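Working notes, structure below.
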Amino acid sequence: MARAKQPTPVRREISSEYISKADRKSPASGSEEKEALLPGGANGGSVKPSPAASIAEGTAVPIKKEAGVVTLLIDVAGIYISFLTWAYLQEKLTTTTYGASPPSTPKDSPDYFAGERFKFPVFLLTIQSLFAAAGGKLFTVLSTPRGSPVPAMIPSRAILPPLLLVAFTNALAAPFGYAALGHIDYITYILAKSCKLLPVMFLHITLFRKRYPLYKYLVVAAVTAGVAVFTLHSGSKKKHGGGGGNSGQTSWGLLLLGINLLFDGLTNSTQDYIFSTFQPYTGPQMMMANNLLSSVLTGGYLVLSPWLVKTGLGEWFGMAAATGQEGELASALAFLGRYPEVWRDVLGFAVCGCVGQVFIFHTLSTFSSVLLVTVTVTRKMFTMILSVVAFGHRLSQMQWLGVGLVFGGIGVEAGIARREKLAKEEAKRKAKAALGKTQ
């Protein structure tokens with residue numbers, strides 16, 4: 001009787017959002033380590049030999065020179081300044097009412113105008129993607145060692161389908177996120193966007209049959225409870241206008257935001273697959289490819305939007321009510337023509353997003369992912385504080401409790417991930433030292 005083939009065991013996933021994709025091994029690499037942040041290997045050239053192999057061959061092991069304190073301060077300051085400004089401009093663009101009549105104008109007066117808001121997320125995403133694609137190209141060129149060829153954005157045909165999937169999910173995520181802001185306030189948006197671990201774990205468990213350590217499930221429970229507590233006690237008002245938190249459609253806003261997070265999770269999972277399968281595909285290459293392909297997709301939508309508005313699909317999505325019969329591109333340009341001062345915020349938003357991505361990838365390649373644990377968590381906290389101060393949000397005690405649960409859970413997950421990363425690095429150092437003594 002033939003032996004039955006044993007089913008593939010469920011894999012245990014121990015990765016974290018705070019661990020760099022460059023730190024993860026390819027499933028096909030076995031025990032061989034590859035330098036994920038250097039050009040070569042499957043990405044178009046030769047793979048840098050591991051330190052262990054260099055010791056065995058009797059050659060010198062190159063030691064990465066530690067960057068100085070000045071570089072560290074510049075990277076951290078760059079991340080904080082660019083992304084805090086980016087978040088401020090995002091909330092300003094989505095909550096500011098332009099062209100409204102003075103408060104003294106009677107509502108029944110023919111001169112009364114309630115004003116209008118910027119509601120063109122695909123246009124905004126396209127502008128940012130174009131800036132980030134150019135920044136990614138420049139970053140790729142400048143980060144390539146002198147004398148080495150500049151890595152191609154798409155080094156092989158095999159990498160194109162997952163890159164297109166990343167661009168597609170990234171392009172779809174943004175409109176749902178901006179639509180959610182029409183029904184929930186920005187602080188709820190920030191808290192929910194801090195919970196990227198939830199959709200990533202959901203997709204890994206359902207699609208890839210992976211397991212996680214117990215503490216990750218506890219973190220998810222704490223974060224979910226925090227968002228729920230904050231949302232259930234979100235009846236507080238703002239000191240001055242803007243924000244969609246008073247629309248009475250919070251549940252619909254959370255549903256839209258949940259779809260946004262699912263697309264974010266699929267984007268992150270696919271990026272993990274690309275970095276592990278096509279090593280050493282680098283962060284600057286990903287930044288350039290993702291943003292350029294996203295620009296093509298969203299740009300194509302903008303060009304076709306006047307036709308899509310008139311189709312049954314456009315009617316079902318209510319595109320005409322959102323952007324007008326002329327489509328999003330023409331409507332956005334007309335809006336900016338009426339309020340040219342908004343161009344400053346749009347371009348500033350795009351530049352800050354581009355610069356922030358560059359500083360994140362530079363930090364990962366220079367200091368590894370351990371540093372980003374503190375930077376990422378504290379940046380999200382400062383973003384929330386900035387929103388409270390700059391836009392006059394008032395939080396109740398229960399809402400502050402919800403905030404504490406969210407960032408407490410994220411902080412615990414980040415701290416454990418940091419310890420795991422340091423333990424792995426220490427084990428590698430000991431293994432290399434032991435191997436060197438036996439030679």
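Residue numbering restarts at 1 in every chain; chains get A, B, ... in the order shown in the structure tokens, and ligands count up from 1 in that same order.
Residues in contact with Ser387 of chain A at up to 8 Å, not including ones fewer than 5 positions away on its chain and judged by only C-alpha atoms, are A:Tyr88, A:Glu91, A:Tyr186, A:Ile187, A:Gly392, A:His393.
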Long-range neighbours of Phe118 of chain A as a short mmCIF file (atom, residue, chain, number, x, y, z; two decimals) with C-alpha atoms, in the first residue's frame, 9 Å cut-off, only C-alpha atoms, 4 positions minimum in chain:
data_model
loop_
_atom_site.label_atom_id
_atom_site.label_comp_id
_atom_site.auth_asym_id
_atom_site.auth_seq_id
_atom_site.Cartn_x
_atom_site.Cartn_y
_atom_site.Cartn_z
CA LEU A 93 -6.83 69.11 2.41
CA THR A 94 -9.62 66.72 3.36
CA THR A 95 -11.33 68.82 6.05
CA THR A 96 -10.96 72.46 4.93
CA THR A 97 -13.98 74.16 3.36
CA TYR A 98 -13.05 76.56 0.56
CA ALA A 332 -9.65 68.67 -9.81
CA PHE A 335 -11.13 73.28 -8.33
CA LEU A 336 -7.45 74.26 -8.24
CA VAL A 342 -4.55 74.74 -2.70
#
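By chain and then residue number, the residues within 12 Å of Trp343 of chain A are Leu89, Leu93, Phe118, Leu124, Ile127, Ala332, Leu333, Ala334, Phe335, Leu336, Gly337, Arg338, Tyr339, Pro340, Val346, Leu347, Gly348, Phe349 and Ala350 of chain A, counting only C-alpha atoms and disregarding those fewer than 3 positions away in sequence.
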Could you save those same residues with N, CA, C and O atoms as a CSV table (one decimal), in the first residue's frame?
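And here's result-v2.csv as it stands now:
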chain,number,residue,atom,x,y,z
A,89,LEU,N,-0.9,68.2,6.2
A,89,LEU,CA,-1.5,68.6,4.9
A,89,LEU,C,-2.6,67.7,4.5
A,89,LEU,O,-3.6,68.2,3.9
A,93,LEU,N,-6.2,69.2,3.7
A,93,LEU,CA,-6.8,69.1,2.4
A,93,LEU,C,-8.2,68.5,2.5
A,93,LEU,O,-9.1,68.8,1.7
A,118,PHE,N,-11.9,69.7,-1.1
A,118,PHE,CA,-11.1,69.0,-2.0
A,118,PHE,C,-11.4,67.5,-1.9
A,118,PHE,O,-11.2,66.9,-0.8
A,124,LEU,N,-4.8,63.4,-6.3
A,124,LEU,CA,-3.7,63.6,-5.2
A,124,LEU,C,-2.7,62.5,-5.2
A,124,LEU,O,-1.5,62.7,-5.1
A,127,ILE,N,-0.3,62.7,-8.2
A,127,ILE,CA,0.8,63.7,-8.1
A,127,ILE,C,1.8,63.2,-7.1
A,127,ILE,O,3.0,63.3,-7.4
A,332,ALA,N,-10.7,68.3,-10.7
A,332,ALA,CA,-9.7,68.7,-9.8
A,332,ALA,C,-8.9,69.9,-10.3
A,332,ALA,O,-8.6,70.8,-9.6
A,333,LEU,N,-8.7,70.0,-11.6
A,333,LEU,CA,-8.0,71.1,-12.2
A,333,LEU,C,-8.9,72.4,-12.1
A,333,LEU,O,-8.4,73.5,-11.9
A,334,ALA,N,-10.2,72.2,-12.3
A,334,ALA,CA,-11.1,73.3,-12.1
A,334,ALA,C,-11.1,73.8,-10.7
A,334,ALA,O,-11.2,75.0,-10.4
A,335,PHE,N,-11.1,72.9,-9.8
A,335,PHE,CA,-11.1,73.3,-8.3
A,335,PHE,C,-9.9,74.1,-8.0
A,335,PHE,O,-9.9,75.1,-7.3
A,336,LEU,N,-8.7,73.6,-8.5
A,336,LEU,CA,-7.4,74.3,-8.2
A,336,LEU,C,-7.4,75.6,-9.0
A,336,LEU,O,-6.7,76.5,-8.5
A,337,GLY,N,-8.1,75.7,-10.1
A,337,GLY,CA,-8.2,77.0,-10.8
A,337,GLY,C,-9.0,78.0,-9.9
A,337,GLY,O,-8.7,79.2,-9.9
A,338,ARG,N,-10.1,77.5,-9.3
A,338,ARG,CA,-10.9,78.4,-8.4
A,338,ARG,C,-10.1,78.8,-7.1
A,338,ARG,O,-10.3,79.9,-6.6
A,339,TYR,N,-9.3,77.9,-6.6
A,339,TYR,CA,-8.6,78.1,-5.4
A,339,TYR,C,-7.1,77.8,-5.6
A,339,TYR,O,-6.6,76.7,-5.1
A,340,PRO,N,-6.4,78.6,-6.3
A,340,PRO,CA,-5.0,78.3,-6.6
A,340,PRO,C,-4.1,78.1,-5.4
A,340,PRO,O,-3.0,77.5,-5.5
A,346,VAL,N,-1.2,70.7,-2.1
A,346,VAL,CA,-1.1,69.5,-2.9
A,346,VAL,C,0.4,69.1,-3.2
A,346,VAL,O,0.8,68.0,-3.0
A,347,LEU,N,1.1,70.1,-3.7
A,347,LEU,CA,2.5,69.9,-4.0
A,347,LEU,C,3.3,69.6,-2.7
A,347,LEU,O,4.3,68.8,-2.7
A,348,GLY,N,3.0,70.3,-1.6
A,348,GLY,CA,3.7,70.0,-0.4
A,348,GLY,C,3.4,68.6,0.1
A,348,GLY,O,4.4,67.9,0.6
A,349,PHE,N,2.2,68.2,0.0
A,349,PHE,CA,1.8,66.8,0.4
A,349,PHE,C,2.6,65.8,-0.4
A,349,PHE,O,3.2,64.8,0.1
A,350,ALA,N,2.8,66.0,-1.7
A,350,ALA,CA,3.5,65.1,-2.6
A,350,ALA,C,5.0,65.1,-2.3
A,350,ALA,O,5.6,64.0,-2.2
Original post:
Contacts of segment 172-177 of chain A at 6 Å or less, counting only C-alpha atoms, minus same-chain residues fewer than 3 places along, as a PyMOL selection string?
Top reply: chain A and resi 121+169+180+256-257+260+263
Selection to disk with C-alpha atoms, as a short mmCIF file (atom, residue, chain, number, x, y, z; two decimals), in the first residue's frame:
data_model
loop_
_atom_site.label_atom_id
_atom_site.label_comp_id
_atom_site.auth_asym_id
_atom_site.auth_seq_id
_atom_site.Cartn_x
_atom_site.Cartn_y
_atom_site.Cartn_z
CA PRO A 121 -8.04 61.38 -3.95
CA THR A 169 -3.69 47.40 -4.47
CA ALA A 180 -13.63 57.02 4.92
CA LEU A 256 -14.49 51.87 3.98
CA LEU A 257 -11.41 52.12 6.19
CA ASN A 260 -8.46 50.30 2.82
CA PHE A 263 -5.66 46.50 0.49
#
**OP:** Give me the residues within 10 Å of Trp400 of chain A as a list in words, counting only C-alpha atoms and dropping any in the same chain fewer than 6 places off.
**Re:** Gly226, Val229, Phe230, His233 and Val406 of chain A
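Atom CA of Val219 of chain A lies 15.8 Å from atom CA of Ile205 of chain A.
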For Lys380 of chain A, work out the shell of residues within 9 Å, counting only C-alpha atoms and skipping chain neighbours fewer than 5 positions away, then give it as an mmCIF file with C-alpha atoms, in the first residue's frame.
data_model
loop_
_atom_site.group_PDB
_atom_site.id
_atom_site.type_symbol
_atom_site.label_atom_id
_atom_site.label_comp_id
_atom_site.auth_asym_id
_atom_site.auth_seq_id
_atom_site.Cartn_x
_atom_site.Cartn_y
_atom_site.Cartn_z
ATOM 1 C CA LEU A 84 4.209 64.997 10.354
ATOM 2 C CA ILE A 190 -4.860 57.541 12.420
ATOM 3 C CA LEU A 191 -5.623 54.915 15.063
ATOM 4 C CA SER A 194 -1.809 52.171 13.005
ATOM 5 C CA VAL A 375 10.688 56.079 15.232
ATOM 6 C CA ILE A 385 -1.096 64.858 19.037
ATOM 7 C CA PHE A 407 -0.311 52.548 21.106
#
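The space separating atom CA of Ala228 of chain A from atom CA of Leu405 of chain A comes to 10.2 Å.
A straight line drawn from atom CA of Gly300 of chain A to atom CA of Gly356 of chain A is 25.8 Å long.
Distance annotation: of A:Ile259, A:Ala225, A:Leu297, A:Glu420, the residue with the minimal separation from Leu401 of chain A is A:Ala225; atom set is only C-alpha atoms.
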**OP:** Within segment 142-258 of chain A, find each residue whose DSSP state, derived from the backbone, is helix (DSSP H, G or I), and express the selection as a PyMOL selection string.
**Re:** chain A and resi 142-143+157-180+186-193+197-207+214-232+250-258
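Comparing the minimum interatomic distances between Phe83 of chain A and each of A:Thr311, A:Ser295, A:Leu181, A:Val355, counting only C-alpha atoms, we find that A:Val355 sits nearest.
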**OP:** Select, from A:Asp75, A:Phe120, A:Gln90, A:Leu218, the residue with the minimum atom-to-atom distance to Ala330 of chain A, counting only C-alpha atoms.
**Re:** A:Phe120
